[in-house]
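Enquirer: File follows, model22.cif with mmCIF, C-alpha atoms; chains and numbers go by the auth columns:
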```cif
data_upload
loop_
_atom_site.group_PDB
_atom_site.id
_atom_site.type_symbol
_atom_site.label_atom_id
_atom_site.label_comp_id
_atom_site.label_asym_id
_atom_site.label_seq_id
_atom_site.Cartn_x
_atom_site.Cartn_y
_atom_site.Cartn_z
_atom_site.B_iso_or_equiv
_atom_site.auth_seq_id
_atom_site.auth_asym_id
ATOM 1 C CA MET A 1 -10.830 18.137 -16.746 0.00 1 B
ATOM 2 C CA ILE A 2 -7.467 17.918 -14.986 0.00 2 B
ATOM 3 C CA THR A 3 -4.783 16.235 -17.053 0.00 3 B
ATOM 4 C CA SER A 4 -1.707 14.471 -15.714 0.00 4 B
ATOM 5 C CA ARG A 5 1.718 16.117 -15.563 0.00 5 B
ATOM 6 C CA HIS A 6 4.358 13.546 -14.702 0.00 6 B
ATOM 7 C CA GLN A 7 7.253 14.903 -12.633 0.00 7 B
ATOM 8 C CA LYS A 8 10.264 12.815 -11.600 0.00 8 B
ATOM 9 C CA TRP A 9 10.748 14.742 -8.359 0.00 9 B
ATOM 10 C CA ALA A 10 7.161 13.959 -7.334 0.00 10 B
ATOM 11 C CA ASP A 11 7.661 10.276 -8.060 0.00 11 B
ATOM 12 C CA ARG A 12 10.791 10.116 -5.880 0.00 12 B
ATOM 13 C CA LEU A 13 9.143 12.024 -3.046 0.00 13 B
ATOM 14 C CA PHE A 14 5.959 9.981 -3.128 0.00 14 B
ATOM 15 C CA GLY A 15 7.875 6.686 -3.214 0.00 15 B
ATOM 16 C CA VAL A 16 9.445 7.495 0.173 0.00 16 B
ATOM 17 C CA TYR A 17 6.130 8.673 1.595 0.00 17 B
ATOM 18 C CA LEU A 18 4.209 5.625 0.372 0.00 18 B
ATOM 19 C CA ASN A 19 6.765 3.255 1.862 0.00 19 B
ATOM 20 C CA ARG A 20 6.230 4.820 5.279 0.00 20 B
ATOM 21 C CA LEU A 21 2.466 4.820 4.832 0.00 21 B
ATOM 22 C CA PHE A 22 2.348 1.143 3.904 0.00 22 B
ATOM 23 C CA ARG A 23 4.643 0.169 6.788 0.00 23 B
ATOM 24 C CA ARG A 24 2.305 1.826 9.233 0.00 24 B
ATOM 25 C CA HIS A 25 -0.988 0.494 7.884 0.00 25 B
ATOM 26 C CA PHE A 26 -0.339 -2.987 6.410 0.00 26 B
ATOM 27 C CA TYR A 27 1.286 -6.180 7.607 0.00 27 B
ATOM 28 C CA THR A 28 2.241 -7.468 4.150 0.00 28 B
ATOM 29 C CA ILE A 29 1.437 -6.918 0.497 0.00 29 B
ATOM 30 C CA ARG A 30 1.387 -10.232 -1.356 0.00 30 B
ATOM 31 C CA LEU A 31 1.408 -11.054 -5.042 0.00 31 B
ATOM 32 C CA LEU A 32 -0.367 -14.355 -5.635 0.00 32 B
ATOM 33 C CA ASP A 33 0.922 -14.908 -9.172 0.00 33 B
ATOM 34 C CA PRO A 34 3.825 -13.565 -11.199 0.00 34 B
ATOM 35 C CA VAL A 35 2.898 -10.504 -13.221 0.00 35 B
ATOM 36 C CA PRO A 36 2.213 -11.680 -16.790 0.00 36 B
ATOM 37 C CA ASP A 37 4.753 -11.042 -19.519 0.00 37 B
ATOM 38 C CA LEU A 38 3.630 -7.885 -21.280 0.00 38 B
ATOM 39 C CA ASN A 39 4.738 -6.608 -24.657 0.00 39 B
ATOM 40 C CA ASN A 40 6.767 -3.497 -23.878 0.00 40 B
ATOM 41 C CA GLU A 41 5.848 -2.057 -27.268 0.00 41 B
ATOM 42 C CA LYS A 42 2.121 -2.082 -26.493 0.00 42 B
ATOM 43 C CA PRO A 43 0.135 0.053 -24.054 0.00 43 B
ATOM 44 C CA VAL A 44 -1.645 -1.840 -21.292 0.00 44 B
ATOM 45 C CA LEU A 45 -5.078 -1.096 -19.852 0.00 45 B
ATOM 46 C CA VAL A 46 -5.355 -2.334 -16.259 0.00 46 B
ATOM 47 C CA LEU A 47 -8.831 -2.901 -14.794 0.00 47 B
ATOM 48 C CA PRO A 48 -8.844 -3.328 -10.984 0.00 48 B
ATOM 49 C CA ASN A 49 -11.738 -3.842 -8.637 0.00 49 B
ATOM 50 C CA HIS A 50 -12.339 -0.840 -6.394 0.00 50 B
ATOM 51 C CA SER A 51 -13.285 -1.589 -2.804 0.00 51 B
ATOM 52 C CA THR A 52 -10.818 0.505 -0.751 0.00 52 B
ATOM 53 C CA TRP A 53 -9.423 4.030 -0.710 0.00 53 B
ATOM 54 C CA TRP A 54 -5.939 2.506 -1.141 0.00 54 B
ATOM 55 C CA ASP A 55 -6.472 0.817 -4.521 0.00 55 B
ATOM 56 C CA GLY A 56 -4.722 3.441 -6.634 0.00 56 B
ATOM 57 C CA PHE A 57 -1.719 3.297 -4.296 0.00 57 B
ATOM 58 C CA PHE A 58 -1.540 -0.493 -4.661 0.00 58 B
ATOM 59 C CA PHE A 59 -1.472 -0.138 -8.442 0.00 59 B
ATOM 60 C CA TYR A 60 1.251 2.518 -8.176 0.00 60 B
ATOM 61 C CA TYR A 61 3.368 0.212 -6.010 0.00 61 B
ATOM 62 C CA LEU A 62 2.804 -2.808 -8.247 0.00 62 B
ATOM 63 C CA ASN A 63 3.991 -0.786 -11.210 0.00 63 B
ATOM 64 C CA LYS A 64 7.125 0.227 -9.315 0.00 64 B
ATOM 65 C CA TYR A 65 7.760 -3.361 -8.303 0.00 65 B
ATOM 66 C CA ARG A 66 6.933 -5.200 -11.526 0.00 66 B
ATOM 67 C CA LEU A 67 5.507 -3.278 -14.528 0.00 67 B
ATOM 68 C CA HIS A 68 8.006 -0.405 -14.720 0.00 68 B
ATOM 69 C CA ARG A 69 5.800 1.697 -16.997 0.00 69 B
ATOM 70 C CA ARG A 70 4.771 5.324 -17.097 0.00 70 B
ATOM 71 C CA ILE A 71 1.375 5.033 -15.448 0.00 71 B
ATOM 72 C CA TYR A 72 -1.866 6.977 -15.642 0.00 72 B
ATOM 73 C CA LEU A 73 -4.876 6.596 -13.377 0.00 73 B
ATOM 74 C CA MET A 74 -8.394 7.949 -13.804 0.00 74 B
ATOM 75 C CA MET A 75 -9.570 9.633 -10.599 0.00 75 B
ATOM 76 C CA LEU A 76 -12.740 11.478 -9.580 0.00 76 B
ATOM 77 C CA GLU A 77 -12.315 15.175 -10.291 0.00 77 B
ATOM 78 C CA SER A 78 -13.535 16.209 -6.840 0.00 78 B
ATOM 79 C CA GLN A 79 -10.789 14.108 -5.257 0.00 79 B
ATOM 80 C CA LEU A 80 -8.054 15.240 -7.628 0.00 80 B
ATOM 81 C CA ARG A 81 -8.918 18.889 -7.017 0.00 81 B
ATOM 82 C CA ARG A 82 -8.319 18.286 -3.301 0.00 82 B
ATOM 83 C CA ASN A 83 -5.120 16.320 -3.988 0.00 83 B
ATOM 84 C CA ARG A 84 -3.575 17.969 -7.031 0.00 84 B
ATOM 85 C CA PHE A 85 -0.170 16.510 -6.232 0.00 85 B
ATOM 86 C CA PHE A 86 -1.390 13.191 -7.641 0.00 86 B
ATOM 87 C CA ARG A 87 -1.485 14.621 -11.171 0.00 87 B
ATOM 88 C CA PHE A 88 2.335 14.751 -10.991 0.00 88 B
ATOM 89 C CA LEU A 89 2.232 10.946 -10.527 0.00 89 B
ATOM 90 C CA GLY A 90 -0.059 10.322 -13.510 0.00 90 B
ATOM 91 C CA ALA A 91 -3.562 10.904 -12.146 0.00 91 B
ATOM 92 C CA TYR A 92 -6.133 12.598 -14.357 0.00 92 B
ATOM 93 C CA SER A 93 -9.734 13.458 -13.617 0.00 93 B
ATOM 94 C CA VAL A 94 -13.234 12.413 -14.595 0.00 94 B
ATOM 95 C CA HIS A 95 -16.317 14.450 -13.758 0.00 95 B
ATOM 96 C CA THR A 96 -18.991 11.774 -13.539 0.00 96 B
ATOM 97 C CA GLY A 97 -21.842 14.272 -13.126 0.00 97 B
ATOM 98 C CA SER A 98 -21.391 15.655 -16.634 0.00 98 B
ATOM 99 C CA TYR A 99 -21.710 13.857 -19.975 0.00 99 B
ATOM 100 C CA THR A 100 -19.228 16.299 -21.502 0.00 100 B
ATOM 101 C CA GLY A 101 -16.847 15.780 -18.597 0.00 101 B
ATOM 102 C CA VAL A 102 -16.981 11.992 -18.920 0.00 102 B
ATOM 103 C CA ARG A 103 -16.489 12.216 -22.684 0.00 103 B
ATOM 104 C CA LYS A 104 -13.393 14.397 -22.295 0.00 104 B
ATOM 105 C CA SER A 105 -11.869 11.949 -19.827 0.00 105 B
ATOM 106 C CA LEU A 106 -12.579 8.969 -22.068 0.00 106 B
ATOM 107 C CA GLU A 107 -11.024 10.745 -25.042 0.00 107 B
ATOM 108 C CA TYR A 108 -7.995 11.613 -22.925 0.00 108 B
ATOM 109 C CA THR A 109 -7.724 7.948 -21.917 0.00 109 B
ATOM 110 C CA LEU A 110 -7.759 7.014 -25.593 0.00 110 B
ATOM 111 C CA SER A 111 -5.009 9.517 -26.354 0.00 111 B
ATOM 112 C CA LEU A 112 -2.836 7.794 -23.740 0.00 112 B
ATOM 113 C CA LEU A 113 -3.563 4.297 -25.053 0.00 113 B
ATOM 114 C CA ASN A 114 -3.133 5.267 -28.695 0.00 114 B
ATOM 115 C CA ARG A 115 0.308 6.768 -28.116 0.00 115 B
ATOM 116 C CA ARG A 116 2.916 4.599 -29.864 0.00 116 B
ATOM 117 C CA GLN A 117 6.011 5.977 -28.150 0.00 117 B
ATOM 118 C CA ASP A 118 6.687 5.158 -24.503 0.00 118 B
ATOM 119 C CA PRO A 119 3.640 2.828 -24.189 0.00 119 B
ATOM 120 C CA ALA A 120 1.798 3.581 -20.975 0.00 120 B
ATOM 121 C CA ALA A 121 -0.013 1.551 -18.347 0.00 121 B
ATOM 122 C CA VAL A 122 -3.435 3.136 -17.889 0.00 122 B
ATOM 123 C CA CYS A 123 -5.532 2.213 -14.851 0.00 123 B
ATOM 124 C CA VAL A 124 -9.313 2.616 -15.015 0.00 124 B
ATOM 125 C CA PHE A 125 -11.709 1.332 -12.359 0.00 125 B
ATOM 126 C CA PRO A 126 -14.449 -0.241 -14.519 0.00 126 B
ATOM 127 C CA GLN A 127 -16.981 -0.168 -11.651 0.00 127 B
ATOM 128 C CA GLY A 128 -16.795 3.610 -11.691 0.00 128 B
ATOM 129 C CA GLU A 129 -17.191 3.874 -7.920 0.00 129 B
ATOM 130 C CA LEU A 130 -16.111 2.405 -4.595 0.00 130 B
ATOM 131 C CA GLN A 131 -18.099 -0.719 -3.752 0.00 131 B
ATOM 132 C CA PRO A 132 -17.703 -3.243 -0.922 0.00 132 B
ATOM 133 C CA TRP A 133 -15.699 -6.323 -1.907 0.00 133 B
ATOM 134 C CA HIS A 134 -18.630 -8.714 -1.506 0.00 134 B
ATOM 135 C CA VAL A 135 -20.910 -6.897 -4.001 0.00 135 B
ATOM 136 C CA ARG A 136 -21.602 -9.258 -6.909 0.00 136 B
ATOM 137 C CA PRO A 137 -21.871 -9.091 -9.737 0.00 137 B
ATOM 138 C CA VAL A 138 -19.463 -6.257 -10.357 0.00 138 B
ATOM 139 C CA THR A 139 -20.913 -4.269 -13.253 0.00 139 B
ATOM 140 C CA PHE A 140 -18.902 -2.250 -15.748 0.00 140 B
ATOM 141 C CA ARG A 141 -19.715 1.291 -16.813 0.00 141 B
ATOM 142 C CA ARG A 142 -20.297 1.889 -20.509 0.00 142 B
ATOM 143 C CA GLY A 143 -17.213 4.095 -20.742 0.00 143 B
ATOM 144 C CA LEU A 144 -15.046 0.983 -20.999 0.00 144 B
ATOM 145 C CA ALA A 145 -16.884 -0.045 -24.177 0.00 145 B
ATOM 146 C CA PHE A 146 -16.259 3.419 -25.640 0.00 146 B
ATOM 147 C CA ILE A 147 -12.539 3.069 -24.947 0.00 147 B
ATOM 148 C CA LEU A 148 -12.224 -0.397 -26.469 0.00 148 B
ATOM 149 C CA LYS A 149 -14.275 0.528 -29.550 0.00 149 B
ATOM 150 C CA ASN A 150 -12.094 3.523 -30.339 0.00 150 B
ATOM 151 C CA ILE A 151 -8.526 2.332 -29.830 0.00 151 B
ATOM 152 C CA HIS A 152 -6.307 2.921 -32.870 0.00 152 B
ATOM 153 C CA THR A 153 -3.499 0.587 -31.894 0.00 153 B
ATOM 154 C CA GLU A 154 -3.229 -2.843 -30.325 0.00 154 B
ATOM 155 C CA ILE A 155 -3.308 -2.775 -26.538 0.00 155 B
ATOM 156 C CA GLU A 156 -3.067 -5.384 -23.817 0.00 156 B
ATOM 157 C CA LEU A 157 -5.827 -5.643 -21.228 0.00 157 B
ATOM 158 C CA CYS A 158 -5.333 -7.098 -17.734 0.00 158 B
ATOM 159 C CA PHE A 159 -7.553 -7.529 -14.701 0.00 159 B
ATOM 160 C CA LEU A 160 -6.123 -6.672 -11.294 0.00 160 B
ATOM 161 C CA GLY A 161 -7.695 -8.219 -8.209 0.00 161 B
ATOM 162 C CA ILE A 162 -7.158 -6.416 -4.890 0.00 162 B
ATOM 163 C CA ARG A 163 -8.285 -7.811 -1.553 0.00 163 B
ATOM 164 C CA VAL A 164 -7.466 -6.400 1.891 0.00 164 B
ATOM 165 C CA GLU A 165 -7.887 -9.076 4.549 0.00 165 B
ATOM 166 C CA TYR A 166 -7.290 -9.345 8.286 0.00 166 B
ATOM 167 C CA ARG A 167 -5.746 -12.736 9.015 0.00 167 B
ATOM 168 C CA GLY A 168 -4.681 -12.972 12.647 0.00 168 B
ATOM 169 C CA GLU A 169 -2.597 -9.782 12.790 0.00 169 B
ATOM 170 C CA GLN A 170 -3.376 -6.290 14.042 0.00 170 B
ATOM 171 C CA ARG A 171 -2.875 -4.886 10.543 0.00 171 B
ATOM 172 C CA PRO A 172 -4.290 -6.394 7.351 0.00 172 B
ATOM 173 C CA ASP A 173 -2.595 -8.259 4.532 0.00 173 B
ATOM 174 C CA VAL A 174 -3.097 -7.082 0.965 0.00 174 B
ATOM 175 C CA TYR A 175 -3.491 -9.672 -1.781 0.00 175 B
ATOM 176 C CA LEU A 176 -2.869 -8.769 -5.417 0.00 176 B
ATOM 177 C CA GLN A 177 -3.534 -10.974 -8.407 0.00 177 B
ATOM 178 C CA MET A 178 -3.081 -9.968 -12.042 0.00 178 B
ATOM 179 C CA SER A 179 -4.653 -11.816 -14.944 0.00 179 B
ATOM 180 C CA HIS A 180 -3.011 -12.917 -18.157 0.00 180 B
ATOM 181 C CA ALA A 181 -3.006 -10.206 -20.801 0.00 181 B
ATOM 182 C CA ALA A 182 -5.619 -10.188 -23.553 0.00 182 B
ATOM 183 C CA THR A 183 -4.690 -8.427 -26.786 0.00 183 B
ATOM 184 C CA MET A 184 -7.350 -5.966 -27.956 0.00 184 B
ATOM 185 C CA ILE A 185 -7.226 -5.178 -31.662 0.00 185 B
ATOM 186 C CA PRO A 186 -8.656 -1.983 -33.217 0.00 186 B
ATOM 187 C CA GLY A 187 -12.004 -2.624 -34.854 0.00 187 B
ATOM 188 C CA ALA A 188 -12.365 -6.143 -33.468 0.00 188 B
ATOM 189 C CA SER A 189 -15.664 -7.087 -31.886 0.00 189 B
ATOM 190 C CA PHE A 190 -15.805 -7.787 -28.171 0.00 190 B
ATOM 191 C CA SER A 191 -18.435 -8.413 -25.532 0.00 191 B
ATOM 192 C CA LEU A 192 -18.572 -6.028 -22.584 0.00 192 B
ATOM 193 C CA SER A 193 -20.811 -8.487 -20.751 0.00 193 B
ATOM 194 C CA GLY A 194 -18.258 -11.219 -21.474 0.00 194 B
ATOM 195 C CA LEU A 195 -15.455 -9.098 -20.010 0.00 195 B
ATOM 196 C CA GLN A 196 -17.629 -8.364 -17.003 0.00 196 B
ATOM 197 C CA SER A 197 -18.389 -12.050 -16.496 0.00 197 B
ATOM 198 C CA GLY A 198 -14.695 -12.907 -16.745 0.00 198 B
ATOM 199 C CA PHE A 199 -13.862 -10.192 -14.233 0.00 199 B
ATOM 200 C CA ASN A 200 -16.331 -11.559 -11.683 0.00 200 B
ATOM 201 C CA GLU A 201 -14.947 -15.080 -12.102 0.00 201 B
ATOM 202 C CA PHE A 202 -11.442 -13.673 -11.649 0.00 202 B
ATOM 203 C CA LEU A 203 -12.404 -12.005 -8.357 0.00 203 B
ATOM 204 C CA ASP A 204 -14.137 -15.167 -7.146 0.00 204 B
ATOM 205 C CA THR A 205 -10.949 -17.119 -7.858 0.00 205 B
ATOM 206 C CA LEU A 206 -8.937 -14.606 -5.829 0.00 206 B
ATOM 207 C CA GLU A 207 -11.303 -15.009 -2.877 0.00 207 B
ATOM 208 C CA LYS A 208 -11.112 -18.816 -3.051 0.00 208 B
ATOM 209 C CA ARG A 209 -7.315 -18.738 -3.118 0.00 209 B
ATOM 210 C CA ILE A 210 -7.169 -16.531 -0.033 0.00 210 B
ATOM 211 C CA THR A 211 -9.705 -18.742 1.754 0.00 211 B
ATOM 212 C CA ARG A 212 -7.660 -21.880 1.142 0.00 212 B
ATOM 213 C CA GLY A 213 -4.525 -20.206 2.456 0.00 213 B
ATOM 214 C CA ASP A 214 -2.521 -19.239 -0.635 0.00 214 B
ATOM 215 C CA THR A 215 0.146 -16.790 0.488 0.00 215 B
ATOM 216 C CA GLY A 216 1.936 -15.881 -2.739 0.00 216 B
ATOM 217 C CA THR A 217 5.081 -13.775 -2.680 0.00 217 B
ATOM 218 C CA VAL A 218 5.577 -10.980 -0.161 0.00 218 B
ATOM 219 C CA ILE A 219 6.467 -7.852 -2.120 0.00 219 B
ATOM 220 C CA PHE A 220 6.199 -5.487 0.841 0.00 220 B
ATOM 221 C CA ARG A 221 6.458 -6.060 4.573 0.00 221 B
ATOM 222 C CA GLY A 222 5.228 -3.586 7.153 0.00 222 B
ATOM 223 C CA LYS A 223 6.319 -3.006 10.712 0.00 223 B
ATOM 224 C CA LYS A 224 6.390 -5.868 13.172 0.00 224 B
ATOM 225 C CA SER A 225 3.083 -6.582 14.829 0.00 225 B
ATOM 226 C CA VAL A 226 2.532 -7.157 18.547 0.00 226 B
ATOM 227 C CA ASP A 227 2.276 -10.880 17.802 0.00 227 B
ATOM 228 C CA ASP A 228 5.656 -10.786 16.009 0.00 228 B
ATOM 229 C CA ARG A 229 7.341 -9.240 19.016 0.00 229 B
ATOM 230 C CA TYR A 230 6.064 -11.875 21.410 0.00 230 B
ATOM 231 C CA SER A 231 6.206 -14.964 19.214 0.00 231 B
ATOM 232 C CA GLY A 232 9.371 -14.300 17.212 0.00 232 B
ATOM 233 C CA LYS A 233 7.621 -15.227 13.956 0.00 233 B
ATOM 234 C CA ARG A 234 9.733 -12.912 11.840 0.00 234 B
ATOM 235 C CA ASN A 235 12.901 -14.534 13.168 0.00 235 B
ATOM 236 C CA ARG A 236 11.571 -17.872 11.969 0.00 236 B
ATOM 237 C CA GLY A 237 10.844 -16.410 8.545 0.00 237 B
ATOM 238 C CA GLU A 238 7.054 -16.698 8.781 0.00 238 B
#
```
Please lay out the structure from this file as structure tokens.

Expert:
Amino acid sequence: MITSRHQKWADRLFGVYLNRLFRRHFYTIRLLDPVPDLNNEKPVLVLPNHSTWWDGFFFYYLNKYRLHRRIYLMMLESQLRRNRFFRFLGAYSVHTGSYTGVRKSLEYTLSLLNRRQDPAAVCVFPQGELQPWHVRPVTFRRGLAFILKNIHTEIELCFLGIRVEYRGEQRPDVYLQMSHAATMIPGASFSLSGLQSGFNEFLDTLEKRITRGDTGTVIFRGKKSVDDRYSGKRNRGE
């Protein structure tokens, strides 16, 4: 497998690049709720839905904006081999076509979560693959159960909902919603099906909030749209 190799120069360079990329492709990025208070002495496992190619970038930006942790993100090995630069930002690989490959990646994930110094934020897509937003129920891969059964230190677990939505502009809005943190204790029993059920309810809540017009807090604003130029919406603060 390919392990991560954090480099400060890569983080600075990618921050500038991502800002330009977001400005070109998105109208706004909105956070519907404040990020929950997390214990800085505990690692955090973040479980997002995975319905767009951008999802890892959204997590990276959210960490920059709110979490301020050293982050790690599990990524398909075929993709990371084509984009090795991402390992300098915290990406590491999983080879889903091999039992041994999956096991190595899960054990590496555990080594990150069990580290007591400089507690990390580790992002794992529990679906294990890209799926359209509307697919329900979202089902979790068994690797998540392996991780939670083998932690050696208390961690915090959070869901992250990501929805990209076109709402009257030429570029889409991105909606992010993060759940309250649940403390996972080594050796404690848990229900993977219960976590999965809670995750689906969480995503349904996100969809309902967007449908009823919740706008949250703009944490990133892209370039002006054609409608902005003609209507002067930005000048009115909309």

Enquirer: What residues come out when you apply the PyMOL selection byres ((chain B and resi 114-120) around 7) to this file, written as a ChimeraX atom specification?

Expert: /B:41-44,69-71,110-113,121-122,151-153

Enquirer: Output C-alpha atoms for every residue in that selection, as a PDB file, in the frame of the given file.

Expert:
```pdb
ATOM      1  CA  GLU B  41       5.848  -2.057 -27.268  1.00  0.00           C
ATOM      2  CA  LYS B  42       2.121  -2.082 -26.493  1.00  0.00           C
ATOM      3  CA  PRO B  43       0.135   0.053 -24.054  1.00  0.00           C
ATOM      4  CA  VAL B  44      -1.645  -1.840 -21.292  1.00  0.00           C
ATOM      5  CA  ARG B  69       5.800   1.697 -16.997  1.00  0.00           C
ATOM      6  CA  ARG B  70       4.771   5.324 -17.097  1.00  0.00           C
ATOM      7  CA  ILE B  71       1.375   5.033 -15.448  1.00  0.00           C
ATOM      8  CA  LEU B 110      -7.759   7.014 -25.593  1.00  0.00           C
ATOM      9  CA  SER B 111      -5.009   9.517 -26.354  1.00  0.00           C
ATOM     10  CA  LEU B 112      -2.836   7.794 -23.740  1.00  0.00           C
ATOM     11  CA  LEU B 113      -3.563   4.297 -25.053  1.00  0.00           C
ATOM     12  CA  ALA B 121      -0.013   1.551 -18.347  1.00  0.00           C
ATOM     13  CA  VAL B 122      -3.435   3.136 -17.889  1.00  0.00           C
ATOM     14  CA  ILE B 151      -8.526   2.332 -29.830  1.00  0.00           C
ATOM     15  CA  HIS B 152      -6.307   2.921 -32.870  1.00  0.00           C
ATOM     16  CA  THR B 153      -3.499   0.587 -31.894  1.00  0.00           C
TER      17      THR B 153
END
```

Enquirer: Contacts between range 5-25 of chain B and range 45-120 of chain B, please, where a residue of range 45-120 of chain B counts if it comes within 10 Å (with all atoms listed in the file); show its shortest atom pair and distance in Å to one decimal, rows by chain and ascending number, as a Markdown table.

Expert:
```
| residue | atom | partner | partner_atom | distance |
| --- | --- | --- | --- | --- |
| B:Trp54 | CA | B:Phe22 | CA | 9.8 |
| B:Phe57 | CA | B:Leu18 | CA | 7.9 |
| B:Phe58 | CA | B:Phe22 | CA | 9.5 |
| B:Tyr60 | CA | B:Gly15 | CA | 9.3 |
| B:Tyr61 | CA | B:Gly15 | CA | 8.4 |
| B:Lys64 | CA | B:Gly15 | CA | 8.9 |
| B:Arg70 | CA | B:His6 | CA | 8.6 |
| B:Ile71 | CA | B:His6 | CA | 9.1 |
| B:Tyr72 | CA | B:His6 | CA | 9.1 |
| B:Phe85 | CA | B:Ala10 | CA | 7.8 |
| B:Phe86 | CA | B:Ala10 | CA | 8.6 |
| B:Arg87 | CA | B:Arg5 | CA | 5.6 |
| B:Phe88 | CA | B:His6 | CA | 4.4 |
| B:Leu89 | CA | B:His6 | CA | 5.4 |
| B:Gly90 | CA | B:His6 | CA | 5.6 |
| B:Ala91 | CA | B:Arg5 | CA | 8.2 |
| B:Tyr92 | CA | B:Arg5 | CA | 8.7 |
```

Enquirer: Within 7 Å of (-7.0, 6.0, -16.6) (coordinates as in the file), grab all the protein and nucleic acid residues, counting all atoms listed in the file, and write them out as a ChimeraX atom specification.

Expert: /B:72-74,109,122-124

Enquirer: May I have the residues within 10 Å of Gln127 in chain B as a list in words, using all atoms listed in the file and disregarding those fewer than 5 positions away in the same chain?

Expert: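 Listing them by chain and then by number gives Leu47, Pro48, Asn49, His50, Ser51, Val138, Thr139, Phe140, Arg141, Arg142, Leu144 and Gln196 of chain B.
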
Enquirer: Mind pulling up the distance from CA of Leu130 in chain B to CA of Ile147 in chain B?

Expert: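 Straight-line distance from CA of Ile147 in chain B to CA of Leu130 in chain B works out to 20.7 Å.
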
Enquirer: With the PyMOL selection byres ((chain B and resi 179-193) around 6) as the selection, what would be picked from this file? Answer as a list in words, please.

Expert: Pro36, Ile151, His152, Thr153, Glu154, Ile155, Glu156, Leu157, Cys158, Phe159, Met178, Gly194, Leu195 and Gln196 of chain B

Enquirer: Hey, what comes out of the PyMOL selection byres ((chain B and resi 162) around 6) on this file? Could you write it as number ranges by chain?

Expert: B: 161, 163, 175-176

Enquirer: Could you jot down the CA of Asn39 in chain B to CA of Arg66 in chain B separation for me, Å, one decimal place?

Expert: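 Value for the CA of Asn39 in chain B-CA of Arg66 in chain B distance: 13.4 Å.
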
Enquirer: As an exercise, work out the distance from CA of Leu76 in chain B to CA of Val135 in chain B in Å and give it to one decimal place.

Expert: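 If I compute the distance from CA of Leu76 in chain B to CA of Val135 in chain B, I get 20.9 Å.
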
Enquirer: I'd like to know which of B:Asn200, B:Ser225, B:Thr211, B:Thr3 is closest to Arg136 in chain B, using all atoms listed in the file.

Expert: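 Nearest candidate to Arg136 in chain B out of B:Asn200, B:Ser225, B:Thr211, B:Thr3: B:Asn200.
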
Enquirer: Ranking B:Tyr99, B:Phe125, B:Trp133, B:Phe146 by minimum distance to Glu165 in chain B and counting only C-alpha atoms, which one comes first?

Expert: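 That would be B:Trp133, the residue with the smallest distance to Glu165 in chain B.
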
Enquirer: Looking at all atoms listed in the file, which of B:Thr28, B:Asn63, B:Ser93, B:Gln79 is the one that sits closest to Lys224 in chain B?

Expert: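 With all atoms listed in the file as the atom set, the closest residue is B:Thr28.
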
Enquirer: Using all atoms listed in the file, can you tell me which of B:Leu203, B:Val35, B:Ala145, B:Val94 comes closest to Gly128 in chain B?

Expert: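 The answer is B:Val94, which sits nearest to Gly128 in chain B.
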
Enquirer: Draw an axis-aligned box over all listed atoms of range 201-210 of chain B, pad each side with 8 Å, and write its centre and edge lengths in Å, one decimal, as JSON.

Expert:
```
{"center_x": -11.1, "center_y": -15.4, "center_z": -6.1, "size_x": 23.8, "size_y": 22.8, "size_z": 28.1}
```

Enquirer: Place N, CA and C atoms on range 111-121 of chain B and deliver the coordinates as a PDB file, in the frame of the given file.

Expert:
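Generated output (selection04.pdb):
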```pdb
ATOM      1  N   SER B 111      -6.247   8.893 -25.878  1.00  0.00           N
ATOM      2  CA  SER B 111      -5.009   9.517 -26.354  1.00  0.00           C
ATOM      3  C   SER B 111      -3.789   8.886 -25.696  1.00  0.00           C
ATOM      4  N   LEU B 112      -3.939   8.458 -24.440  1.00  0.00           N
ATOM      5  CA  LEU B 112      -2.836   7.794 -23.740  1.00  0.00           C
ATOM      6  C   LEU B 112      -2.599   6.392 -24.297  1.00  0.00           C
ATOM      7  N   LEU B 113      -3.686   5.670 -24.557  1.00  0.00           N
ATOM      8  CA  LEU B 113      -3.563   4.297 -25.053  1.00  0.00           C
ATOM      9  C   LEU B 113      -3.127   4.248 -26.509  1.00  0.00           C
ATOM     10  N   ASN B 114      -3.476   5.263 -27.268  1.00  0.00           N
ATOM     11  CA  ASN B 114      -3.133   5.267 -28.695  1.00  0.00           C
ATOM     12  C   ASN B 114      -1.731   5.788 -28.970  1.00  0.00           C
ATOM     13  N   ARG B 115      -1.040   6.236 -27.946  1.00  0.00           N
ATOM     14  CA  ARG B 115       0.308   6.768 -28.116  1.00  0.00           C
ATOM     15  C   ARG B 115       1.278   5.621 -28.392  1.00  0.00           C
ATOM     16  N   ARG B 116       2.034   5.691 -29.444  1.00  0.00           N
ATOM     17  CA  ARG B 116       2.916   4.599 -29.864  1.00  0.00           C
ATOM     18  C   ARG B 116       4.284   4.667 -29.197  1.00  0.00           C
ATOM     19  N   GLN B 117       4.721   5.847 -28.816  1.00  0.00           N
ATOM     20  CA  GLN B 117       6.011   5.977 -28.150  1.00  0.00           C
ATOM     21  C   GLN B 117       5.816   5.935 -26.647  1.00  0.00           C
ATOM     22  N   ASP B 118       6.754   5.283 -25.957  1.00  0.00           N
ATOM     23  CA  ASP B 118       6.687   5.158 -24.503  1.00  0.00           C
ATOM     24  C   ASP B 118       5.332   4.618 -24.067  1.00  0.00           C
ATOM     25  N   PRO B 119       4.973   3.381 -24.476  1.00  0.00           N
ATOM     26  CA  PRO B 119       3.640   2.828 -24.189  1.00  0.00           C
ATOM     27  C   PRO B 119       3.335   2.849 -22.691  1.00  0.00           C
ATOM     28  N   ALA B 120       2.162   3.341 -22.367  1.00  0.00           N
ATOM     29  CA  ALA B 120       1.798   3.581 -20.975  1.00  0.00           C
ATOM     30  C   ALA B 120       1.030   2.408 -20.381  1.00  0.00           C
ATOM     31  N   ALA B 121       0.916   2.419 -19.069  1.00  0.00           N
ATOM     32  CA  ALA B 121      -0.013   1.551 -18.347  1.00  0.00           C
ATOM     33  C   ALA B 121      -1.101   2.459 -17.788  1.00  0.00           C
TER      34      ALA B 121
END
```
